[in-house]
$ cat final27.txt   # compact mmCIF, C-alpha atoms
# COMPACT_ATOMS: atom_id res chain seq x y z
CA MET O 823 215.66 36.50 209.02
CA ASN O 824 216.36 33.82 211.63
CA ALA O 825 219.23 31.34 211.51
CA VAL O 826 217.12 28.48 210.12
CA GLN O 827 215.81 30.61 207.25
CA ASP O 828 219.30 31.91 206.55
CA VAL O 829 220.71 28.37 206.17
CA THR O 830 217.87 27.44 203.81
CA GLU O 831 218.29 30.56 201.68
CA THR O 832 222.06 30.04 201.52
CA ALA O 833 221.53 26.48 200.30
CA LYS O 834 219.22 27.70 197.54
CA ARG O 835 221.65 30.45 196.50
CA ARG O 836 224.47 27.90 196.43
CA LEU O 837 222.47 25.57 194.19
CA ALA O 838 221.64 28.40 191.76
CA PHE O 839 225.29 29.48 191.69
CA GLN O 840 226.53 25.94 191.06
CA LYS O 841 224.15 25.54 188.13
CA ALA O 842 225.51 28.73 186.56
CA PHE O 843 229.10 27.71 187.37
CA SER O 844 228.52 24.28 185.86
CA GLN O 845 227.17 25.76 182.63
CA GLU O 846 230.06 28.22 182.42
CA HIS O 847 232.70 25.52 182.89
CA GLY O 848 231.30 22.75 180.75
CA GLY O 849 229.12 20.94 183.26
CA TRP O 850 229.65 17.73 185.23
CA ARG O 851 229.12 15.21 182.50
CA LYS O 852 231.74 12.65 181.52
CA LYS O 853 233.99 13.30 184.47
CA SER O 854 235.57 10.73 186.77
CA LEU O 855 234.60 10.62 190.42
CA ILE O 856 237.80 12.34 191.48
CA ALA O 857 237.27 15.00 188.78
CA ASP O 858 233.75 15.48 190.12
CA ALA O 859 235.14 16.01 193.61
CA LYS O 860 237.68 18.55 192.37
CA PHE O 861 235.03 20.36 190.34
CA GLU O 862 232.74 20.42 193.37
CA THR O 863 235.53 21.88 195.53
CA ALA O 864 236.22 24.60 192.96
CA ALA O 865 232.52 25.50 192.70
CA ASN O 866 232.16 25.75 196.48
CA LYS O 867 235.22 28.01 196.75
CA GLU O 868 233.88 30.33 194.05
CA PHE O 869 230.52 30.46 195.81
CA LYS O 870 232.19 31.46 199.08
CA LYS O 871 234.06 34.22 197.27
CA GLN O 872 230.81 35.51 195.85
CA GLU O 873 229.16 35.45 199.27
CA ARG O 874 232.03 37.48 200.73
CA ARG O 875 231.80 40.03 197.95
CA LEU O 876 228.08 40.44 198.57
CA SER O 877 228.53 40.80 202.31
CA LYS O 878 228.83 44.31 203.67
CA THR O 879 230.69 43.21 206.78
CA ASP O 880 233.66 41.42 205.25
CA SER O 881 235.90 44.49 205.10
CA LEU O 882 236.55 47.79 206.76
CA GLY O 883 236.99 49.41 203.35
CA ASP O 884 236.19 48.94 199.72
CA GLN O 885 239.32 47.07 198.71
CA GLU O 886 238.46 43.66 197.35
CA GLY O 887 240.79 40.97 198.65
CA PHE O 888 241.02 42.32 202.23
CA ALA O 889 239.37 40.06 204.81
CA PRO O 890 240.01 40.98 208.45
CA ALA O 891 240.05 38.22 211.07
CA MET O 892 239.45 35.57 208.45
CA SER O 893 241.75 33.05 206.85
CA PRO O 894 241.15 32.50 203.12
CA ASP O 895 239.85 29.10 202.10
CA ALA O 896 242.66 28.45 199.66
CA LEU O 897 245.98 30.28 199.56
CA PRO O 898 248.56 30.27 196.74
CA GLU O 899 251.74 28.36 197.50
CA ASP O 900 253.83 31.57 197.70
CA PHE O 901 251.71 33.01 200.52
CA ALA O 902 253.14 33.18 204.04
CA ALA O 903 251.97 34.45 207.43
CA PHE O 904 253.89 37.45 208.81
CA ASN O 905 253.68 38.46 212.48
CA LEU O 906 254.32 42.19 212.93
CA LEU O 907 254.71 44.51 215.89
CA VAL O 908 253.54 48.00 214.92
CA THR O 909 254.37 50.91 217.22
CA LEU O 910 252.13 53.95 216.81
CA LYS O 911 253.11 57.56 217.28
CA GLU O 912 252.01 59.32 220.43
CA GLY O 913 248.36 60.28 220.26
CA ALA O 914 247.61 57.87 217.41
CA ILE O 915 244.76 55.72 218.68
CA SER O 916 242.67 55.09 215.55
CA LEU O 917 242.85 51.38 214.91
CA THR O 918 240.81 51.67 211.72
CA LYS O 919 243.19 54.19 210.13
CA VAL O 920 246.24 52.07 210.92
CA ILE O 921 244.66 48.90 209.54
CA ARG O 922 243.81 50.73 206.33
CA CYS O 923 247.53 51.11 205.71
CA PHE O 924 247.55 47.35 205.23
CA GLU O 925 244.13 47.14 203.64
CA ASN O 926 245.39 49.13 200.69
CA GLY O 927 247.93 46.39 200.10
CA LYS O 928 245.20 43.78 199.71
CA VAL O 929 246.51 41.39 202.34
CA PHE O 930 244.62 39.05 204.63
CA ILE O 931 244.71 40.23 208.24
CA THR O 932 244.10 37.13 210.34
CA HIS O 933 244.89 38.45 213.84
CA VAL O 934 244.90 41.84 215.61
CA GLU O 935 245.88 42.71 219.20
CA SER O 936 246.54 46.09 220.80
CA ARG O 937 248.37 47.13 223.97
CA LYS O 938 250.13 50.08 225.54
CA SER O 939 253.77 50.35 224.58
CA LEU O 940 256.26 48.98 227.10
CA ALA O 941 258.54 51.94 226.37
CA SER O 942 256.00 54.73 226.78
CA VAL O 943 252.56 54.88 228.35
CA HIS O 944 251.59 57.45 225.71
CA GLN O 945 252.12 55.07 222.83
CA TYR O 946 250.21 52.04 221.63
CA GLN O 947 251.40 48.94 219.84
CA LEU O 948 249.58 46.55 217.56
CA PHE O 949 250.35 42.92 216.98
CA LEU O 950 249.22 41.96 213.47
CA GLN O 951 249.34 38.74 211.54
CA VAL O 952 249.04 39.29 207.82
CA VAL O 953 248.93 36.66 205.09
CA CYS O 954 250.19 37.52 201.60
CA SER O 955 253.03 36.90 199.18
CA HIS O 956 256.57 38.14 199.94
CA ASP O 957 256.41 40.81 197.26
CA VAL O 958 253.14 42.19 198.55
CA PHE O 959 254.46 42.13 202.12
CA LEU O 960 257.53 44.20 201.20
CA ASN O 961 255.37 46.76 199.39
CA VAL O 962 252.91 46.97 202.28
CA CYS O 963 255.67 47.49 204.83
CA ALA O 964 257.30 50.19 202.72
CA GLU O 965 254.01 52.06 202.44
CA ALA O 966 253.14 51.58 206.12
CA LYS O 967 256.47 53.05 207.22
CA GLN O 968 255.55 56.24 205.37
CA SER O 969 252.38 56.63 207.42
CA PRO O 970 252.39 59.54 209.92
CA LEU O 971 250.63 57.22 212.38
CA ILE O 972 253.44 54.62 212.61
CA THR O 973 256.87 55.08 214.19
CA GLU O 974 258.19 51.53 213.94
CA LEU O 975 257.28 48.31 212.17
CA LYS O 976 259.09 45.14 213.25
CA LEU O 977 258.83 41.67 211.74
CA LEU O 978 258.64 39.13 214.56
CA GLU O 979 258.12 35.90 212.66
CA GLU O 980 257.41 34.44 209.24
CA LYS O 981 255.69 31.07 209.02
CA GLU O 982 253.30 28.92 207.05
CA PRO O 983 249.72 30.21 207.14
CA GLU O 984 247.47 28.35 209.53
CA LYS O 985 244.96 26.19 207.77
CA LYS O 986 241.35 27.03 208.37
CA ASP O 987 239.62 24.37 210.43
CA VAL O 988 237.15 22.37 208.40
CA TRP O 989 233.66 22.51 209.84
CA PHE O 990 231.94 19.20 210.38
CA PRO O 991 228.77 18.17 212.21
CA LYS O 992 229.27 17.28 215.87
CA HIS O 993 225.64 16.49 216.63
CA ILE O 994 222.98 14.94 214.45
CA SER O 995 221.09 18.26 214.45
CA ASP O 996 224.09 19.84 212.69
CA LEU O 997 223.09 17.89 209.58
CA ASP O 998 220.65 20.76 208.99
CA ARG O 999 223.73 22.58 207.66
CA CYS O 1000 224.81 19.75 205.36
CA THR O 1001 223.02 21.14 202.33
CA HIS O 1002 225.77 21.30 199.68
CA LEU O 1003 224.16 19.96 196.51
CA ILE O 1004 225.95 19.26 193.25
CA THR O 1005 224.34 19.71 189.86
CA ARG O 1006 225.86 16.82 188.00
CA PHE O 1007 222.64 15.48 186.47
CA GLU O 1008 220.14 18.29 186.99
CA PRO O 1009 217.39 17.97 184.34
CA ASP O 1010 217.63 21.66 183.37
CA LEU O 1011 221.40 21.39 182.74
CA ASP O 1012 221.94 17.97 181.20
CA TYR O 1013 220.44 17.76 177.70
CA THR O 1014 220.61 13.94 177.84
CA HIS O 1015 218.38 13.88 180.93
CA PRO O 1016 214.92 12.52 179.99
CA GLY O 1017 213.32 15.49 181.76
CA PHE O 1018 215.41 18.15 179.99
CA ALA O 1019 212.59 19.18 177.62
CA ASP O 1020 209.74 18.50 180.06
CA LYS O 1021 208.91 21.76 181.83
CA ASN O 1022 206.19 20.19 183.99
CA TYR O 1023 208.62 17.55 185.24
CA ARG O 1024 211.22 20.16 186.18
CA LEU O 1025 208.59 22.20 188.06
CA ARG O 1026 207.48 19.07 189.92
CA ARG O 1027 211.09 18.32 190.85
CA LYS O 1028 211.47 21.83 192.27
CA GLU O 1029 208.23 21.48 194.24
CA ILE O 1030 209.45 18.29 195.92
CA ALA O 1031 212.97 19.68 196.42
CA ASP O 1032 211.53 22.65 198.34
CA ILE O 1033 210.02 20.20 200.82
CA ALA O 1034 213.50 18.90 201.62
CA PHE O 1035 214.96 22.42 201.87
CA GLY O 1036 212.43 23.20 204.59
CA TYR O 1037 213.08 20.05 206.64
CA LYS O 1038 214.89 20.33 209.99
CA TYR O 1039 216.11 17.72 212.47
CA GLY O 1040 213.44 16.43 214.85
CA GLN O 1041 210.56 16.93 212.43
CA SER O 1042 208.60 14.12 210.84
CA ILE O 1043 209.55 13.68 207.21
CA PRO O 1044 206.88 15.47 205.14
CA ARG O 1045 204.70 13.15 203.11
CA VAL O 1046 204.60 13.63 199.35
CA GLN O 1047 201.33 13.14 197.51
CA TYR O 1048 202.65 11.26 194.51
CA THR O 1049 200.82 11.50 191.21
CA GLU O 1050 199.37 8.57 189.30
CA GLU O 1051 202.21 8.83 186.78
CA GLU O 1052 204.83 8.73 189.54
CA ASN O 1053 203.22 5.70 191.18
CA ASN O 1054 203.04 3.98 187.77
CA THR O 1055 206.77 4.55 187.27
CA TRP O 1056 207.44 3.04 190.70
CA ALA O 1057 205.18 0.05 189.92
CA HIS O 1058 206.97 -0.64 186.63
CA VAL O 1059 210.41 -0.65 188.27
CA TYR O 1060 209.23 -2.49 191.40
CA ARG O 1061 207.57 -5.29 189.43
CA ASN O 1062 210.55 -5.91 187.13
CA LEU O 1063 213.22 -5.74 189.81
CA LYS O 1064 211.32 -7.89 192.29
CA ASN O 1065 211.42 -10.68 189.72
CA LEU O 1066 215.18 -10.26 189.33
CA PHE O 1067 216.19 -9.97 192.98
CA PRO O 1068 216.05 -13.74 193.75
CA THR O 1069 218.64 -14.48 191.05
CA HIS O 1070 220.69 -11.28 191.04
CA ALA O 1071 220.61 -9.68 194.53
CA CYS O 1072 222.81 -10.70 197.43
CA GLN O 1073 221.15 -12.63 200.26
CA GLU O 1074 221.24 -9.69 202.68
CA HIS O 1075 219.30 -7.53 200.24
CA ILE O 1076 216.71 -10.24 199.59
CA GLU O 1077 216.08 -10.89 203.29
CA VAL O 1078 215.51 -7.23 204.13
CA PHE O 1079 213.42 -6.61 201.02
CA ASN O 1080 211.04 -9.37 202.10
CA LEU O 1081 210.79 -7.76 205.55
CA LEU O 1082 210.10 -4.38 203.97
CA GLU O 1083 207.12 -5.88 202.18
CA LYS O 1084 205.82 -7.33 205.46
CA GLU O 1085 206.65 -4.49 207.86
CA GLY O 1086 207.98 -1.44 205.99
CA GLY O 1087 205.16 -0.50 203.64
CA PHE O 1088 206.75 -1.76 200.41
CA CYS O 1089 204.22 -2.72 197.74
CA GLU O 1090 203.83 -2.38 194.00
CA GLU O 1091 200.83 -0.07 194.02
CA LYS O 1092 202.30 3.09 195.56
CA ILE O 1093 205.59 4.71 196.54
CA PRO O 1094 206.36 4.24 200.26
CA GLN O 1095 206.69 7.39 202.37
CA LEU O 1096 210.16 8.08 203.75
CA GLU O 1097 208.86 8.54 207.30
CA ASP O 1098 207.44 5.00 207.37
CA VAL O 1099 210.56 3.44 205.85
CA SER O 1100 212.78 5.43 208.21
CA GLU O 1101 210.96 4.01 211.22
CA PHE O 1102 211.50 0.50 209.84
CA ILE O 1103 215.28 0.75 209.37
CA LYS O 1104 215.62 2.62 212.67
CA ARG O 1105 214.19 -0.44 214.42
CA LYS O 1106 216.62 -2.72 212.58
CA THR O 1107 219.95 -0.86 212.73
CA GLY O 1108 219.44 2.62 214.17
CA PHE O 1109 219.79 4.22 210.75
CA GLN O 1110 217.23 6.82 209.74
CA LEU O 1111 216.32 8.66 206.57
CA ARG O 1112 216.46 12.39 205.99
CA PRO O 1113 214.98 14.14 202.93
CA VAL O 1114 217.43 15.88 200.59
CA ALA O 1115 216.73 18.13 197.62
CA GLY O 1116 219.17 16.49 195.22
CA LEU O 1117 222.58 14.89 194.78
CA LEU O 1118 224.52 15.79 197.92
CA SER O 1119 228.24 16.57 198.04
CA ALA O 1120 230.54 13.72 199.03
CA ARG O 1121 231.54 15.50 202.25
CA ASP O 1122 227.98 16.08 203.46
CA PHE O 1123 226.73 12.67 202.38
CA LEU O 1124 229.52 10.82 204.17
CA ALA O 1125 229.23 13.02 207.28
CA SER O 1126 225.57 12.04 207.51
CA LEU O 1127 226.50 8.36 207.55
CA ALA O 1128 228.60 9.02 210.67
CA PHE O 1129 225.32 9.78 212.48
CA ARG O 1130 223.56 6.77 210.96
CA THR O 1131 221.56 9.08 208.75
CA PHE O 1132 220.97 8.46 205.08
CA GLN O 1133 220.12 11.49 202.94
CA CYS O 1134 217.29 10.39 200.69
CA THR O 1135 215.63 12.10 197.72
CA GLN O 1136 211.83 12.15 197.36
CA TYR O 1137 211.39 12.99 193.68
CA VAL O 1138 210.83 10.30 191.03
CA ARG O 1139 212.75 9.62 187.82
CA HIS O 1140 211.16 10.63 184.54
CA GLY O 1141 208.55 8.15 183.34
CA ALA O 1142 209.94 8.12 179.81
CA LYS O 1143 212.92 6.05 180.97
CA PRO O 1144 211.86 4.20 184.11
CA ASP O 1145 214.47 1.45 183.97
CA HIS O 1146 217.40 3.74 184.71
CA SER O 1147 217.92 7.12 186.37
CA PRO O 1148 221.07 9.18 185.70
CA GLU O 1149 220.85 10.55 189.26
CA PRO O 1150 219.60 9.39 192.65
CA ASP O 1151 215.81 9.39 192.98
CA CYS O 1152 213.50 7.86 195.58
CA ILE O 1153 213.25 4.61 193.59
CA HIS O 1154 217.04 4.32 193.63
CA GLU O 1155 217.16 5.09 197.36
CA LEU O 1156 214.31 2.80 198.41
CA LEU O 1157 215.01 -0.24 196.26
CA GLY O 1158 218.80 0.09 196.18
CA HIS O 1159 220.09 1.60 199.41
CA VAL O 1160 217.46 1.03 202.08
CA PRO O 1161 217.58 -2.81 202.18
CA MET O 1162 221.34 -2.82 202.81
CA LEU O 1163 221.10 -0.07 205.45
CA ALA O 1164 218.77 -2.36 207.41
CA ASP O 1165 221.49 -5.02 207.54
CA PRO O 1166 223.46 -4.63 210.83
CA LYS O 1167 226.90 -5.46 209.40
CA PHE O 1168 226.55 -3.17 206.43
CA ALA O 1169 225.08 -0.38 208.58
CA GLN O 1170 228.13 -0.56 210.86
CA PHE O 1171 230.44 -0.42 207.86
CA ALA O 1172 228.60 2.61 206.44
CA GLN O 1173 228.82 4.50 209.74
CA GLU O 1174 232.54 3.77 210.14
CA LEU O 1175 233.15 5.04 206.62
CA GLY O 1176 231.32 8.26 207.50
CA LEU O 1177 233.22 8.71 210.77
CA ALA O 1178 236.53 8.44 208.92
CA THR O 1179 235.68 11.51 206.80
CA LEU O 1180 234.70 13.96 209.56
CA GLY O 1181 236.89 17.05 209.55
CA VAL O 1182 239.24 15.92 206.79
CA SER O 1183 240.49 18.38 204.16
CA ASP O 1184 239.05 18.84 200.69
CA GLU O 1185 242.06 17.01 199.31
CA GLU O 1186 241.34 14.03 201.57
CA ILE O 1187 237.68 14.05 200.57
CA GLU O 1188 238.89 13.82 196.98
CA LYS O 1189 240.93 10.77 197.99
CA PHE O 1190 237.83 9.22 199.52
CA ALA O 1191 236.15 9.81 196.16
CA THR O 1192 239.03 7.96 194.52
CA LEU O 1193 238.70 5.14 197.04
CA SER O 1194 234.98 4.99 196.45
CA SER O 1195 235.54 4.44 192.74
CA ASP O 1196 237.13 1.08 193.54
CA CYS O 1197 235.33 -0.21 196.61
CA ALA O 1198 232.91 0.47 199.41
CA ASP O 1199 231.50 3.94 198.91
CA ARG O 1200 230.16 2.95 195.55
CA THR O 1201 227.99 0.47 197.37
CA VAL O 1202 226.56 2.98 199.79
CA ARG O 1203 226.56 6.05 197.60
CA SER O 1204 227.14 6.19 193.89
CA GLY O 1205 225.57 3.16 192.46
CA PRO O 1206 228.46 1.05 192.78
CA THR O 1207 230.10 -2.02 192.09
CA VAL O 1208 230.72 -4.26 195.07
CA LEU O 1209 229.37 -7.79 194.62
CA GLY O 1210 228.74 -10.63 197.02
CA CYS O 1211 229.39 -14.22 196.02
CA SER O 1212 226.94 -16.83 197.27
CA ARG O 1213 228.14 -20.32 198.11
CA PRO O 1214 228.20 -23.07 196.98
CA THR O 1215 226.96 -22.24 193.46
CA GLU O 1216 229.43 -19.38 192.91
CA ASN O 1217 226.67 -17.31 191.21
CA LEU O 1218 227.48 -13.63 191.50
CA LYS O 1219 224.99 -11.46 193.40
CA THR O 1220 224.92 -7.70 193.32
CA ALA O 1221 224.86 -5.47 196.38
CA SER O 1222 224.98 -2.37 194.21
CA ALA O 1223 222.38 0.29 194.99
CA GLY O 1224 222.56 1.59 191.44
CA ARG O 1225 221.99 -1.84 189.94
CA GLN O 1226 219.36 -2.91 192.46
CA SER O 1227 217.26 0.09 191.37
CA SER O 1228 217.95 0.06 187.61
CA ARG O 1229 216.80 -2.80 185.40
CA SER O 1230 219.08 -1.68 182.55
CA LEU O 1231 222.20 -2.01 184.72
CA ILE O 1232 221.59 -5.57 185.92
CA PRO O 1233 223.50 -8.13 183.85
CA PRO O 1234 221.32 -10.50 181.82
CA SER O 1235 222.79 -13.44 183.74
CA PRO O 1236 224.29 -13.65 187.23
CA GLN O 1237 226.87 -16.13 185.92
CA CYS O 1238 230.34 -14.72 185.44
CA LYS O 1239 233.68 -16.43 184.97
CA ASN O 1240 235.80 -13.35 185.59
CA THR O 1241 236.31 -11.35 188.76
CA ARG O 1242 235.39 -8.28 186.74
CA MET O 1243 232.49 -7.82 184.35
CA MET O 1244 230.93 -4.98 182.40
CA THR O 1245 227.28 -4.13 181.77
CA SER O 1246 225.69 -1.11 180.12
CA SER O 1247 227.04 0.91 183.04
CA PRO O 1248 230.43 2.61 182.60
CA PHE O 1249 231.52 1.12 185.94
CA SER O 1250 233.20 -2.23 186.45
CA LEU O 1251 231.95 -4.83 188.91
CA TRP O 1252 234.38 -6.00 191.56
CA LEU O 1253 234.11 -9.35 193.29
CA THR O 1254 234.03 -10.01 197.03
CA ARG O 1255 233.25 -13.35 198.62
CA SER O 1256 230.91 -12.05 201.28
CA MET O 1257 229.25 -8.89 202.59
CA ARG O 1258 230.19 -10.09 206.07

$ encode --input "final27.txt" --output "structure tokens"
Amino acid sequence: MNAVQDVTETAKRRLAFQKAFSQEHGGWRKKSLIADAKFETAANKEFKKQERRLSKTDSLGDQEGFAPAMSPDALPEDFAAFNLLVTLKEGAISLTKVIRCFENGKVFITHVESRKSLASVHQYQLFLQVVCSHDVFLNVCAEAKQSPLITELKLLEEKEPEKKDVWFPKHISDLDRCTHLITRFEPDLDYTHPGFADKNYRLRRKEIADIAFGYKYGQSIPRVQYTEEENNTWAHVYRNLKNLFPTHACQEHIEVFNLLEKEGGFCEEKIPQLEDVSEFIKRKTGFQLRPVAGLLSARDFLASLAFRTFQCTQYVRHGAKPDHSPEPDCIHELLGHVPMLADPKFAQFAQELGLATLGVSDEEIEKFATLSSDCADRTVRSGPTVLGCSRPTENLKTASAGRQSSRSLIPPSPQCKNTRMMTSSPFSLWLTRSMR
């Protein structure tokens, strides 16, 4: 299996694991954004543990919990890093046997070096860094000193364990590895999803998701042959929202939407193809679209924005409830997000937001999720709440991707006396004077 296939298969295994993990732990429903981020972090850590257990190369022995040359993703607070100098007896040259003295103690060995002893050319010394609790360390050392292979064991230093570097994309092609999906509103998990009892809909979703799993940077976005039912759902939403945009959408959204009808392939009769829309916004702001199989993790979604790439679904919401989707779908992406991404000021803001998240810790990503619950990221990601205020009439206009693509979430009147207002959405609307 080549590297590309391996990444794709890992992404599919991760998605299957997260669905099972979600069911086991009560699912994603009715959680706050920061709770979602914490739940996502926990699911990813458990998946990594499972992958290590399934790998045959993670350990020299059969002891679970031993991981040579690898720092654990999350260490308990009482863990420390211990640097040891181990002097072997003359003639003892088996590195594997010596390391097993520590393996039996179930510690993390994060560094190994060997050299000839400075005292005798017939002896060897090992420099080891082990990570474990103090109690485990004392037990391991006591057992190691009883080994016939070891003459001396000296503690050189005790310190805080080094944190594992967080991987992040450094080139736009690295987005091929940004495939961490979350299962918050998957139709086969959420009984309130309109497609929960529709087997044919779930199979169709999987068919379209597999297209995104197979996509790699540099390829043209595969075209989806949408069914008559899917195009009818698009037409229903398109027709109703187009009538509401002049009175409810911010000016930036309206201007770009009109251009999309002239140049970007937008029309009521059929769903636009992502490749055509991507070419349009690339000409306007340098942003481009990339197909994704579902709701992407906050880290991967924001990292994509840093490269002026918007991860976009291709499947369509269930036709039984066309006026609102509980999750991102192509109608949400195309009618809600795309117009704002073709606005130069907003595109710059979105990229800067993405750049700020590259390489940050899981805890900091959770803070970005908290930030997004009150301001900008909700506009570019979650169906948000930022509003623009047009002068001189003071009528409120929405820049929310969620509201621009969901008739049921748009207030019946753009008039509002307060700086905060509620609709059928659980989110509040926050007022800003301008998108500029």

$ residues_around --input "final27.txt" --residues "O:Gln1110" --least-positions-apart "3" --cutoff "8 Å" --atoms "all atoms listed in the file" --output "ChimeraX atom specification"
/O:1100-1101,1103-1104,1130-1132

$ closest_residue --input "final27.txt" --among "O:Ala1125, O:Ala1172, O:Val1114, O:Leu975" --to "O:Pro1150" --atoms "all atoms listed in the file"
O:Val1114

$ closest_atom_pairs --input "final27.txt" --of "stretch 1006-1107 of chain O" --to "stretch 991-999 of chain O" --cutoff "9 Å" --atoms "only C-alpha atoms" --output "Markdown table"
| residue | atom | partner | partner_atom | distance |
| --- | --- | --- | --- | --- |
| O:Tyr1037 | CA | O:Asp998 | CA | 8.0 |
| O:Lys1038 | CA | O:Asp998 | CA | 5.9 |
| O:Tyr1039 | CA | O:Ser995 | CA | 5.4 |
| O:Gly1040 | CA | O:Ser995 | CA | 7.9 |

$ closest_residue --input "final27.txt" --among "O:Ser916, O:Thr830, O:Ser939, O:Ser955" --to "O:Ala903" --atoms "all atoms listed in the file"
O:Ser955

$ atom_distance --input "final27.txt" --atom1 "atom CA of O:Glu862" --atom2 "atom CA of O:Ser1126"
17.9 Å

$ atom_distance --input "final27.txt" --atom1 "atom CA of O:Val1099" --atom2 "atom CA of O:Arg1045"
11.7 Å

$ closest_residue --input "final27.txt" --among "O:Val1059, O:Val1182, O:Leu1003, O:Leu950" --to "O:Phe1035" --atoms "only C-alpha atoms"
O:Leu1003

$ atom_distance --input "final27.txt" --atom1 "atom CA of O:Phe1079" --atom2 "atom CA of O:Leu1157"
8.1 Å

$ closest_residue --input "final27.txt" --among "O:Glu1051, O:Asp900, O:Glu935, O:Glu974" --to "O:Phe959" --atoms "only C-alpha atoms"
O:Asp900

$ closest_residue --input "final27.txt" --among "O:His1154, O:Arg1121, O:His1070, O:Lys911" --to "O:Glu1185" --atoms "only C-alpha atoms"
O:Arg1121
